[in-house]
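Trainee: File coords.cif follows (mmCIF, C-alpha atoms and all ligand atoms):
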data_work
loop_
_atom_site.group_PDB
_atom_site.id
_atom_site.type_symbol
_atom_site.label_atom_id
_atom_site.label_comp_id
_atom_site.auth_asym_id
_atom_site.auth_seq_id
_atom_site.Cartn_x
_atom_site.Cartn_y
_atom_site.Cartn_z
ATOM 1 C CA MET V 791 6.764 24.504 41.357
ATOM 2 C CA ILE V 792 4.333 22.527 39.266
ATOM 3 C CA SER V 793 2.265 19.899 41.107
ATOM 4 C CA LEU V 794 2.435 16.187 40.346
ATOM 5 C CA ARG V 795 -1.094 16.351 38.911
ATOM 6 C CA GLU V 796 -0.190 19.266 36.597
ATOM 7 C CA LEU V 797 2.999 17.473 35.539
ATOM 8 C CA GLY V 798 1.036 14.346 34.663
ATOM 9 C CA ALA V 799 -1.605 16.318 32.739
ATOM 10 C CA LYS V 800 1.070 18.136 30.691
ATOM 11 C CA ILE V 801 3.182 15.084 29.892
ATOM 12 C CA LYS V 802 0.094 13.181 28.694
ATOM 13 C CA ASN V 803 -0.156 15.610 25.760
ATOM 14 C CA GLU V 804 3.385 15.058 24.487
ATOM 15 C CA LYS V 805 4.002 13.234 21.200
ATOM 16 C CA ARG V 806 7.737 12.414 21.086
ATOM 17 C CA VAL V 807 9.907 12.949 24.141
ATOM 18 C CA ALA V 808 13.694 12.984 24.695
ATOM 19 C CA LEU V 809 14.626 11.767 28.168
ATOM 20 C CA ILE V 810 18.108 13.024 28.990
ATOM 21 C CA CYS V 811 20.324 11.382 31.608
ATOM 22 C CA HIS V 812 23.220 13.145 33.276
ATOM 23 C CA VAL V 813 26.867 12.721 32.316
ATOM 24 C CA ARG V 814 28.881 10.231 34.379
ATOM 25 C CA PRO V 815 25.552 8.346 34.571
ATOM 26 C CA ASP V 816 24.456 6.393 37.644
ATOM 27 C CA GLY V 817 21.724 3.909 38.512
ATOM 28 C CA ASP V 818 19.227 6.607 39.429
ATOM 29 C CA THR V 819 19.439 8.611 36.207
ATOM 30 C CA PHE V 820 19.237 5.446 34.032
ATOM 31 C CA GLY V 821 16.589 3.855 36.252
ATOM 32 C CA SER V 822 14.445 7.013 36.227
ATOM 33 C CA ALA V 823 14.755 7.629 32.500
ATOM 34 C CA LEU V 824 14.229 4.026 31.358
ATOM 35 C CA ALA V 825 11.243 3.564 33.692
ATOM 36 C CA LEU V 826 9.671 6.798 32.451
ATOM 37 C CA LYS V 827 10.266 5.735 28.835
ATOM 38 C CA LEU V 828 8.281 2.527 29.406
ATOM 39 C CA ILE V 829 5.564 4.412 31.316
ATOM 40 C CA LEU V 830 5.167 6.926 28.464
ATOM 41 C CA GLN V 831 5.138 4.166 25.829
ATOM 42 C CA LYS V 832 2.220 2.558 27.660
ATOM 43 C CA LEU V 833 0.354 5.830 27.112
ATOM 44 C CA GLY V 834 1.152 5.791 23.385
ATOM 45 C CA ILE V 835 3.830 8.497 23.687
ATOM 46 C CA GLU V 836 7.080 7.957 21.808
ATOM 47 C CA ALA V 837 10.078 8.258 24.131
ATOM 48 C CA GLU V 838 13.840 7.756 23.793
ATOM 49 C CA VAL V 839 16.594 7.845 26.424
ATOM 50 C CA TYR V 840 19.829 9.748 25.728
ATOM 51 C CA CYS V 841 23.133 10.097 27.559
ATOM 52 C CA ASN V 842 26.142 12.117 26.470
ATOM 53 C CA ASP V 843 28.532 9.633 28.160
ATOM 54 C CA PRO V 844 28.931 5.914 27.402
ATOM 55 C CA VAL V 845 26.987 3.362 29.451
ATOM 56 C CA PRO V 846 29.320 1.883 32.151
ATOM 57 C CA PRO V 847 29.665 -1.951 31.947
ATOM 58 C CA ARG V 848 27.996 -2.527 35.339
ATOM 59 C CA PHE V 849 24.656 -1.721 33.657
ATOM 60 C CA PHE V 850 25.055 -4.231 30.808
ATOM 61 C CA PHE V 851 23.020 -6.840 32.725
ATOM 62 C CA LEU V 852 19.906 -4.805 31.850
ATOM 63 C CA LYS V 853 18.840 -5.818 28.328
ATOM 64 C CA LYS V 854 16.977 -2.566 27.690
ATOM 65 C CA ILE V 855 20.101 -0.475 28.505
ATOM 66 C CA LYS V 856 21.105 -1.051 24.850
ATOM 67 C CA SER V 857 18.323 1.330 23.825
ATOM 68 C CA VAL V 858 20.130 4.320 25.412
ATOM 69 C CA LYS V 859 21.315 6.593 22.596
ATOM 70 C CA SER V 860 24.364 8.855 22.545
ATOM 71 C CA GLU V 861 23.150 11.270 19.820
ATOM 72 C CA LEU V 862 19.916 13.261 19.777
ATOM 73 C CA ASP V 863 17.919 12.281 16.679
ATOM 74 C CA GLY V 864 14.857 13.871 15.090
ATOM 75 C CA GLU V 865 12.341 16.321 16.483
ATOM 76 C CA PHE V 866 10.846 16.240 19.973
ATOM 77 C CA SER V 867 7.662 17.762 21.326
ATOM 78 C CA ALA V 868 9.480 17.947 24.667
ATOM 79 C CA MET V 869 12.921 17.396 26.204
ATOM 80 C CA ILE V 870 13.018 16.130 29.795
ATOM 81 C CA ALA V 871 16.171 16.257 31.926
ATOM 82 C CA ILE V 872 16.239 13.372 34.397
ATOM 83 C CA ASP V 873 18.087 13.559 37.749
ATOM 84 C CA CYS V 874 20.083 16.618 36.577
ATOM 85 C CA ALA V 875 20.667 19.328 39.218
ATOM 86 C CA ASP V 876 21.946 21.884 36.719
ATOM 87 C CA ILE V 877 22.269 22.360 32.966
ATOM 88 C CA THR V 878 25.945 21.303 32.819
ATOM 89 C CA ARG V 879 24.871 17.772 33.831
ATOM 90 C CA LEU V 880 23.368 17.362 30.338
ATOM 91 C CA GLY V 881 26.840 17.557 28.784
ATOM 92 C CA ASP V 882 26.807 18.492 25.074
ATOM 93 C CA PHE V 883 22.989 18.206 24.978
ATOM 94 C CA ALA V 884 22.690 21.405 27.072
ATOM 95 C CA GLU V 885 22.638 23.716 24.053
ATOM 96 C CA LYS V 886 19.773 21.897 22.283
ATOM 97 C CA PHE V 887 17.917 21.690 25.577
ATOM 98 C CA ASN V 888 18.246 25.421 26.205
ATOM 99 C CA SER V 889 16.978 26.335 22.736
ATOM 100 C CA HIS V 890 13.988 23.941 22.854
ATOM 101 C CA PRO V 891 10.654 25.708 23.561
ATOM 102 C CA ASN V 892 9.259 22.890 25.756
ATOM 103 C CA THR V 893 11.604 21.538 28.434
ATOM 104 C CA TYR V 894 11.068 19.746 31.742
ATOM 105 C CA SER V 895 13.343 18.878 34.642
ATOM 106 C CA ILE V 896 12.315 15.989 36.870
ATOM 107 C CA ASP V 897 14.790 15.828 39.733
ATOM 108 C CA HIS V 898 15.365 15.293 43.453
ATOM 109 C CA HIS V 899 18.429 17.499 44.183
ATOM 110 C CA ILE V 900 17.725 20.370 46.590
ATOM 111 C CA SER V 901 20.391 22.332 44.687
ATOM 112 C CA ASN V 902 18.396 22.101 41.379
ATOM 113 C CA THR V 903 18.746 25.461 39.580
ATOM 114 C CA ARG V 904 15.314 25.396 37.841
ATOM 115 C CA TYR V 905 16.918 25.621 34.383
ATOM 116 C CA ALA V 906 13.949 24.051 32.510
ATOM 117 C CA LYS V 907 10.648 25.678 31.497
ATOM 118 C CA ILE V 908 8.773 23.224 33.719
ATOM 119 C CA ASN V 909 10.532 22.093 36.891
ATOM 120 C CA TYR V 910 9.340 19.238 39.053
ATOM 121 C CA VAL V 911 11.846 18.955 41.904
ATOM 122 C CA PHE V 912 10.913 16.890 44.902
ATOM 123 C CA ASP V 913 13.509 16.083 47.558
ATOM 124 C CA ASN V 914 13.240 12.284 47.722
ATOM 125 C CA ALA V 915 16.193 9.972 48.418
ATOM 126 C CA SER V 916 16.176 8.996 44.727
ATOM 127 C CA ASN V 917 14.655 10.517 41.614
ATOM 128 C CA CYS V 918 13.100 7.129 40.935
ATOM 129 C CA GLU V 919 10.639 7.853 43.761
ATOM 130 C CA ASN V 920 9.438 10.846 41.723
ATOM 131 C CA ILE V 921 9.065 8.688 38.606
ATOM 132 C CA LEU V 922 7.124 6.097 40.602
ATOM 133 C CA ALA V 923 4.770 8.833 41.853
ATOM 134 C CA LEU V 924 4.366 10.138 38.288
ATOM 135 C CA GLY V 925 3.648 6.644 36.955
ATOM 136 C CA GLU V 926 0.954 6.192 39.607
ATOM 137 C CA GLU V 927 -0.472 9.633 38.818
ATOM 138 C CA LEU V 928 -0.680 8.595 35.145
ATOM 139 C CA ASP V 929 -2.419 5.393 36.215
ATOM 140 C CA VAL V 930 0.009 3.106 34.388
ATOM 141 C CA GLU V 931 0.256 -0.588 35.258
ATOM 142 C CA PHE V 932 3.866 -1.350 36.300
ATOM 143 C CA ASP V 933 5.520 -4.426 34.769
ATOM 144 C CA SER V 934 8.706 -6.104 36.010
ATOM 145 C CA ASP V 935 10.942 -3.991 33.708
ATOM 146 C CA ILE V 936 9.591 -0.733 35.122
ATOM 147 C CA ALA V 937 9.841 -2.168 38.636
ATOM 148 C CA ASN V 938 13.487 -3.166 38.089
ATOM 149 C CA PHE V 939 14.459 0.280 36.796
ATOM 150 C CA ILE V 940 12.750 2.062 39.705
ATOM 151 C CA ALA V 941 14.323 -0.341 42.210
ATOM 152 C CA MET V 942 17.786 0.261 40.728
ATOM 153 C CA GLY V 943 17.512 4.015 41.392
ATOM 154 C CA LEU V 944 16.205 3.420 44.895
ATOM 155 C CA MET V 945 19.131 1.142 45.690
ATOM 156 C CA THR V 946 21.996 3.012 44.043
ATOM 157 C CA ASP V 947 21.124 6.458 45.445
ATOM 158 C CA THR V 948 20.808 5.084 48.986
ATOM 159 C CA GLY V 949 23.877 2.807 49.040
ATOM 160 C CA CYS V 950 21.477 -0.126 49.142
ATOM 161 C CA PHE V 951 19.164 1.445 51.745
ATOM 162 C CA ARG V 952 22.050 2.223 54.132
ATOM 163 C CA HIS V 953 22.486 6.015 53.837
ATOM 164 C CA LYS V 954 20.923 8.686 56.042
ATOM 165 C CA ASN V 955 18.593 9.768 53.204
ATOM 166 C CA VAL V 956 16.431 6.609 53.399
ATOM 167 C CA THR V 957 12.836 7.337 54.401
ATOM 168 C CA ALA V 958 9.752 5.232 54.976
ATOM 169 C CA ASN V 959 8.702 6.245 51.456
ATOM 170 C CA THR V 960 11.943 4.791 50.008
ATOM 171 C CA LEU V 961 11.246 1.432 51.627
ATOM 172 C CA TYR V 962 7.550 1.528 50.809
ATOM 173 C CA SER V 963 8.477 2.225 47.168
ATOM 174 C CA ALA V 964 10.918 -0.708 47.194
ATOM 175 C CA SER V 965 8.233 -2.947 48.650
ATOM 176 C CA LYS V 966 5.827 -1.984 45.870
ATOM 177 C CA MET V 967 8.495 -2.656 43.218
ATOM 178 C CA VAL V 968 9.257 -6.118 44.637
ATOM 179 C CA GLU V 969 5.540 -6.822 44.435
ATOM 180 C CA LYS V 970 5.697 -5.881 40.734
ATOM 181 C CA GLY V 971 8.600 -8.239 40.093
ATOM 182 C CA ALA V 972 11.808 -6.265 40.805
ATOM 183 C CA ASN V 973 14.846 -8.490 41.428
ATOM 184 C CA LEU V 974 16.739 -6.672 44.222
ATOM 185 C CA ASN V 975 19.347 -9.411 44.523
ATOM 186 C CA GLU V 976 20.375 -9.074 40.860
ATOM 187 C CA ILE V 977 20.521 -5.273 41.076
ATOM 188 C CA TYR V 978 22.597 -5.516 44.253
ATOM 189 C CA TYR V 979 25.017 -7.978 42.702
ATOM 190 C CA HIS V 980 25.748 -5.919 39.589
ATOM 191 C CA ASN V 981 25.837 -2.501 41.256
ATOM 192 C CA PHE V 982 27.506 -3.264 44.590
ATOM 193 C CA SER V 983 29.166 -6.660 44.700
ATOM 194 C CA SER V 984 30.394 -7.824 41.287
ATOM 195 C CA GLN V 985 34.106 -7.224 40.687
ATOM 196 C CA THR V 986 37.106 -8.639 38.849
ATOM 197 C CA PRO V 987 39.626 -10.936 40.593
ATOM 198 C CA GLU V 988 42.181 -8.177 39.910
ATOM 199 C CA ARG V 989 40.182 -5.672 41.959
ATOM 200 C CA ALA V 990 39.747 -8.162 44.780
ATOM 201 C CA LYS V 991 43.519 -8.653 44.844
ATOM 202 C CA LEU V 992 44.176 -4.905 44.870
ATOM 203 C CA PHE V 993 41.620 -4.489 47.662
ATOM 204 C CA GLY V 994 43.406 -7.060 49.819
ATOM 205 C CA LYS V 995 46.817 -5.574 49.144
ATOM 206 C CA THR V 996 45.611 -2.059 49.975
ATOM 207 C CA MET V 997 43.728 -2.931 53.157
ATOM 208 C CA SER V 998 46.627 -5.028 54.495
ATOM 209 C CA LYS V 999 48.762 -1.892 54.757
ATOM 210 C CA ILE V 1000 46.378 0.770 56.057
ATOM 211 C CA ARG V 1001 48.258 3.353 58.113
ATOM 212 C CA TYR V 1002 46.811 4.926 61.263
ATOM 213 C CA PHE V 1003 47.574 8.401 62.590
ATOM 214 C CA LEU V 1004 46.229 10.707 65.333
ATOM 215 C CA ASP V 1005 45.608 7.877 67.810
ATOM 216 C CA GLY V 1006 43.819 5.740 65.236
ATOM 217 C CA ARG V 1007 41.310 8.443 64.344
ATOM 218 C CA PHE V 1008 42.812 9.057 60.896
ATOM 219 C CA ALA V 1009 43.284 6.075 58.565
ATOM 220 C CA VAL V 1010 45.129 6.239 55.260
ATOM 221 C CA ALA V 1011 44.850 3.653 52.493
ATOM 222 C CA THR V 1012 47.505 3.925 49.805
ATOM 223 C CA VAL V 1013 47.390 2.685 46.224
ATOM 224 C CA ARG V 1014 50.715 3.063 44.415
ATOM 225 C CA LEU V 1015 51.110 2.594 40.654
ATOM 226 C CA ALA V 1016 53.244 -0.462 41.404
ATOM 227 C CA ASP V 1017 50.337 -2.037 43.351
ATOM 228 C CA ILE V 1018 47.936 -1.591 40.434
ATOM 229 C CA GLU V 1019 50.493 -3.094 38.085
ATOM 230 C CA ALA V 1020 51.279 -6.019 40.395
ATOM 231 C CA CYS V 1021 47.560 -6.888 40.624
ATOM 232 C CA LYS V 1022 46.900 -6.192 36.914
ATOM 233 C CA ALA V 1023 44.112 -3.904 38.139
ATOM 234 C CA VAL V 1024 42.980 -0.517 36.806
ATOM 235 C CA GLN V 1025 42.778 2.887 38.456
ATOM 236 C CA SER V 1026 38.957 2.872 38.678
ATOM 237 C CA ASP V 1027 39.117 -0.363 40.733
ATOM 238 C CA THR V 1028 39.825 1.792 43.801
ATOM 239 C CA GLU V 1029 36.221 3.054 43.769
ATOM 240 C CA GLY V 1030 34.613 2.168 47.101
ATOM 241 C CA PHE V 1031 37.875 1.510 48.955
ATOM 242 C CA ILE V 1032 37.368 4.657 51.019
ATOM 243 C CA ASP V 1033 33.941 3.511 52.240
ATOM 244 C CA PHE V 1034 35.459 0.333 53.641
ATOM 245 C CA ILE V 1035 37.974 2.308 55.714
ATOM 246 C CA MET V 1036 35.184 4.325 57.341
ATOM 247 C CA GLY V 1037 33.819 1.185 58.964
ATOM 248 C CA ILE V 1038 36.988 0.630 60.985
ATOM 249 C CA ASN V 1039 36.378 1.215 64.697
ATOM 250 C CA GLY V 1040 37.823 4.480 65.998
ATOM 251 C CA VAL V 1041 38.358 6.017 62.568
ATOM 252 C CA GLU V 1042 36.963 9.566 62.349
ATOM 253 C CA VAL V 1043 38.536 10.557 59.041
ATOM 254 C CA GLY V 1044 39.666 8.292 56.210
ATOM 255 C CA ALA V 1045 41.777 9.047 53.179
ATOM 256 C CA CYS V 1046 42.530 7.005 50.094
ATOM 257 C CA VAL V 1047 45.787 8.201 48.547
ATOM 258 C CA MET V 1048 46.074 7.081 44.930
ATOM 259 C CA GLU V 1049 49.205 7.601 42.876
ATOM 260 C CA THR V 1050 48.072 8.637 39.378
ATOM 261 C CA GLN V 1051 51.537 9.458 38.009
ATOM 262 C CA LYS V 1052 54.986 9.588 39.548
ATOM 263 C CA ASP V 1053 54.847 12.191 42.358
ATOM 264 C CA ARG V 1054 51.199 12.968 41.692
ATOM 265 C CA PHE V 1055 48.419 11.808 44.040
ATOM 266 C CA LYS V 1056 44.634 11.913 43.937
ATOM 267 C CA ILE V 1057 43.195 11.860 47.447
ATOM 268 C CA SER V 1058 39.636 11.080 48.579
ATOM 269 C CA PHE V 1059 38.526 12.002 52.084
ATOM 270 C CA ARG V 1060 35.581 10.796 54.144
ATOM 271 C CA ALA V 1061 34.578 11.857 57.655
ATOM 272 C CA LYS V 1062 32.052 10.785 60.263
ATOM 273 C CA SER V 1063 31.609 14.388 61.465
ATOM 274 C CA ALA V 1064 34.828 16.366 60.811
ATOM 275 C CA ASP V 1065 34.906 18.918 57.990
ATOM 276 C CA VAL V 1066 36.932 17.292 55.213
ATOM 277 C CA ASN V 1067 35.745 19.892 52.724
ATOM 278 C CA ALA V 1068 38.018 22.261 54.692
ATOM 279 C CA VAL V 1069 40.848 19.712 54.513
ATOM 280 C CA ALA V 1070 40.574 19.279 50.733
ATOM 281 C CA SER V 1071 40.209 23.050 50.221
ATOM 282 C CA THR V 1072 43.673 23.545 51.771
ATOM 283 C CA PHE V 1073 45.031 21.772 48.683
ATOM 284 C CA GLY V 1074 42.759 23.395 46.101
ATOM 285 C CA GLY V 1075 40.119 20.635 46.137
ATOM 286 C CA GLY V 1076 36.714 20.430 47.798
ATOM 287 C CA GLY V 1077 33.366 18.657 47.843
ATOM 288 C CA HIS V 1078 31.044 18.148 50.781
ATOM 289 C CA THR V 1079 31.610 18.398 54.540
ATOM 290 C CA LEU V 1080 31.780 14.617 54.947
ATOM 291 C CA ALA V 1081 33.153 13.648 51.516
ATOM 292 C CA SER V 1082 35.767 15.528 49.520
ATOM 293 C CA GLY V 1083 38.845 15.171 47.367
ATOM 294 C CA CYS V 1084 41.950 16.905 46.038
ATOM 295 C CA GLN V 1085 45.184 16.368 44.134
ATOM 296 C CA ILE V 1086 48.636 16.917 45.603
ATOM 297 C CA ASN V 1087 51.975 16.766 43.834
ATOM 298 C CA GLY V 1088 55.067 15.638 45.677
ATOM 299 C CA GLU V 1089 56.895 12.706 47.191
ATOM 300 C CA TYR V 1090 54.586 10.142 48.874
ATOM 301 C CA GLU V 1091 55.728 10.563 52.517
ATOM 302 C CA GLU V 1092 55.586 14.355 52.163
ATOM 303 C CA VAL V 1093 52.034 14.139 50.817
ATOM 304 C CA VAL V 1094 50.923 11.929 53.724
ATOM 305 C CA ASP V 1095 52.561 14.329 56.172
ATOM 306 C CA LYS V 1096 50.699 17.268 54.630
ATOM 307 C CA ILE V 1097 47.277 15.639 54.820
ATOM 308 C CA ARG V 1098 47.959 14.308 58.341
ATOM 309 C CA PHE V 1099 48.622 17.876 59.490
ATOM 310 C CA ALA V 1100 45.574 19.302 57.676
ATOM 311 C CA VAL V 1101 43.309 16.577 59.137
ATOM 312 C CA SER V 1102 44.705 17.081 62.665
ATOM 313 C CA ARG V 1103 43.348 20.641 62.631
ATOM 314 C CA GLU V 1104 39.805 19.384 61.869
ATOM 315 C CA ILE V 1105 39.673 16.525 64.375
ATOM 316 C CA PRO V 1106 38.892 17.865 67.850
ATOM 317 C CA ASP V 1107 41.036 16.521 70.738
HETATM 318 MN MN MN K 1201 19.803 10.733 41.789
#
Please, can you express the file's structure as structure tokens?
Ligand SMILES: [Mn+2]
Mentor:
Amino acid sequence: MISLRELGAKIKNEKRVALICHVRPDGDTFGSALALKLILQKLGIEAEVYCNDPVPPRFFFLKKIKSVKSELDGEFSAMIAIDCADITRLGDFAEKFNSHPNTYSIDHHISNTRYAKINYVFDNASNCENILALGEELDVEFDSDIANFIAMGLMTDTGCFRHKNVTANTLYSASKMVEKGANLNEIYYHNFSSQTPERAKLFGKTMSKIRYFLDGRFAVATVRLADIEACKAVQSDTEGFIDFIMGINGVEVGACVMETQKDRFKISFRAKSADVNAVASTFGGGGHTLASGCQINGEYEEVVDKIRFAVSREIPD
């Protein structure tokens, strides 16, 4: 792999750079790309940020998010993939990326497939830590916009500094960004707290009827189509429900069972230590050991019975 110093020396020579975020964009890919854009502009390098998917509304509080483009325009001396573990994460931009003679990948996923000509992959909690290191290597003075973008990646990829991936470097980076003017409270509000009254209502309705199985070690939250309708909520409002369940004392495995159509359910699993990848695989789904998902067709009680049985085999007595 290329060193940080070599990366900095190479990037300094670029003229016009395309910074490409991943599809289904998150706070780290936008934070990394927008911070790097401002860093490069301070060095007199032209830079634009692109994403093949639309910008989700939770990012609208950032004025500069409007500059993210959905179509590649003009010629670039280099294309840089930001926070993308593999080429499919670039969406429809993958083809242009692959045929460009000068490509970089700046990423923090250990699974990164080294698909670019120049790969800088460093296993930090967030890719924004890599961009911060690069900005320091390039000797750029950070302003409050850069600090806010870096801080957003730090916070969103660590669940607001709560996940196991947080290191001293993550917190030290956050400290430096606060010093440069980052507003952690505002980032927290828009990325983790802000919601519609309809979602709040759906949350209450769902949590008031959690079902417990296997001596309270398996908790199931259910969202039926009728619930969503009654609360005037939308399907995506259920995001994060599963994480709440995992905080309930005694719960080893949690499932959120969401009815997407009549007799069709999308199920998310979380575990403290059990293998829920194995559980989801039973039904043709998958994911990670501690976080997975699947779809099951059938009548609601039958579906719950099926997952209860599959989970019981993964929870030790
Ligand atoms: Mn990331």
Trainee: Which residues are close to V:Leu922, i.e. within 12 Å by all atoms listed in the file, leaving aside same-chain residues fewer than 5 positions away? Reply as a ChimeraX atom specification.
Mentor: /V:794,798,821-826,828-829,896,914,916-917,927-932,936-941,943-944,959-960,962-964,966-967
Trainee: If the PyMOL selection byres (((chain V and resi 1031-1034) around 7) and not hetatm) were run on this exact file, what residues would it hold? Put them as a ChimeraX atom specification.
Mentor: /V:1028-1030,1035-1037,1044-1046
Trainee: Write a file of the just-selected residues containing C-alpha atoms, as an mmCIF file, in the frame of the given file.
Mentor:
data_model
loop_
_atom_site.group_PDB
_atom_site.id
_atom_site.type_symbol
_atom_site.label_atom_id
_atom_site.label_comp_id
_atom_site.auth_asym_id
_atom_site.auth_seq_id
_atom_site.Cartn_x
_atom_site.Cartn_y
_atom_site.Cartn_z
ATOM 1 C CA THR V 1028 39.825 1.792 43.801
ATOM 2 C CA GLU V 1029 36.221 3.054 43.769
ATOM 3 C CA GLY V 1030 34.613 2.168 47.101
ATOM 4 C CA ILE V 1035 37.974 2.308 55.714
ATOM 5 C CA MET V 1036 35.184 4.325 57.341
ATOM 6 C CA GLY V 1037 33.819 1.185 58.964
ATOM 7 C CA GLY V 1044 39.666 8.292 56.210
ATOM 8 C CA ALA V 1045 41.777 9.047 53.179
ATOM 9 C CA CYS V 1046 42.530 7.005 50.094
#
Trainee: Go through the chains and note each residue within 8 Å of ligand MN 1201 (chain K), using all atoms listed in the file, then give the set as a list in words.
Mentor: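 Sorted by chain and then by number, the residues are Asp816, Gly817, Asp818, Thr819, Asp873, Cys874, Asp897, His898, His899, Ala915, Ser916, Asn917, Cys918, Gly943 and Asp947 of chain V.
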Trainee: Which polymer residues have any atom within 10 Å of an atom of stretch 1063-1073 of chain V, counting only C-alpha atoms, with same-chain residues fewer than 3 positions away left out, as number ranges by chain?
Mentor: V: 1042-1045, 1057-1060, 1076-1087, 1096-1106
Trainee: Can you measure atom CA of V:Lys827 to atom CA of V:Val845 for me? One decimal in Å is fine.
Mentor: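 Straight-line distance from atom CA of V:Lys827 to atom CA of V:Val845 works out to 16.9 Å.
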Trainee: What's the separation between atom CA of V:Val1010 and atom CA of V:Tyr979, in Å to one decimal place?
Mentor: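 Between atom CA of V:Val1010 and atom CA of V:Tyr979 the gap works out to 27.6 Å.
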Trainee: What would the list of residues within 6 Å of (14.1, 16.0, 30.3) (file frame) look like as a list in words, if all atoms listed in the file are what count?
Mentor: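 In the file's frame, the residues around the point are Leu809, Ile810, Met869, Ile870, Ala871, Ile872, Tyr894 and Ser895 of chain V.
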Trainee: Could you check how far atom CA of V:Phe951 sits from atom CA of V:His980, in Å to one decimal?
Mentor: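 Interatomic distance, atom CA of V:Phe951 to atom CA of V:His980: 15.7 Å.
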Trainee: Smallest atom-to-atom distance to V:Ser793: which of V:Asn975, V:Ser860, V:Thr903, V:Asn920, using only C-alpha atoms?
Mentor: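 The shortest atom-to-atom distance to V:Ser793 comes from V:Asn920.
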Trainee: Box for stretch 924-937 of chain V: with edges along x, y and z, all listed atoms inside and 3 Å added on each side, what are the centre and edge lengths in Å to one decimal, as lines of an AutoDock Vina configuration file?
Mentor:
center_x = 4.3
center_y = 2.0
center_z = 36.7
size_x = 19.4
size_y = 22.2
size_z = 11.9
Trainee: Can you find the residues with an atom no farther than 12 Å from (17.2, 24.6, 18.5), counting all atoms listed in the file, and report them as a list of chain:residue names?
Mentor: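 Here is the list of nearby residues: V:Leu862, V:Gly864, V:Glu865, V:Phe866, V:Ala868, V:Met869, V:Phe883, V:Ala884, V:Glu885, V:Lys886, V:Phe887, V:Asn888, V:Ser889, V:His890, V:Pro891, V:Asn892, V:Thr893.
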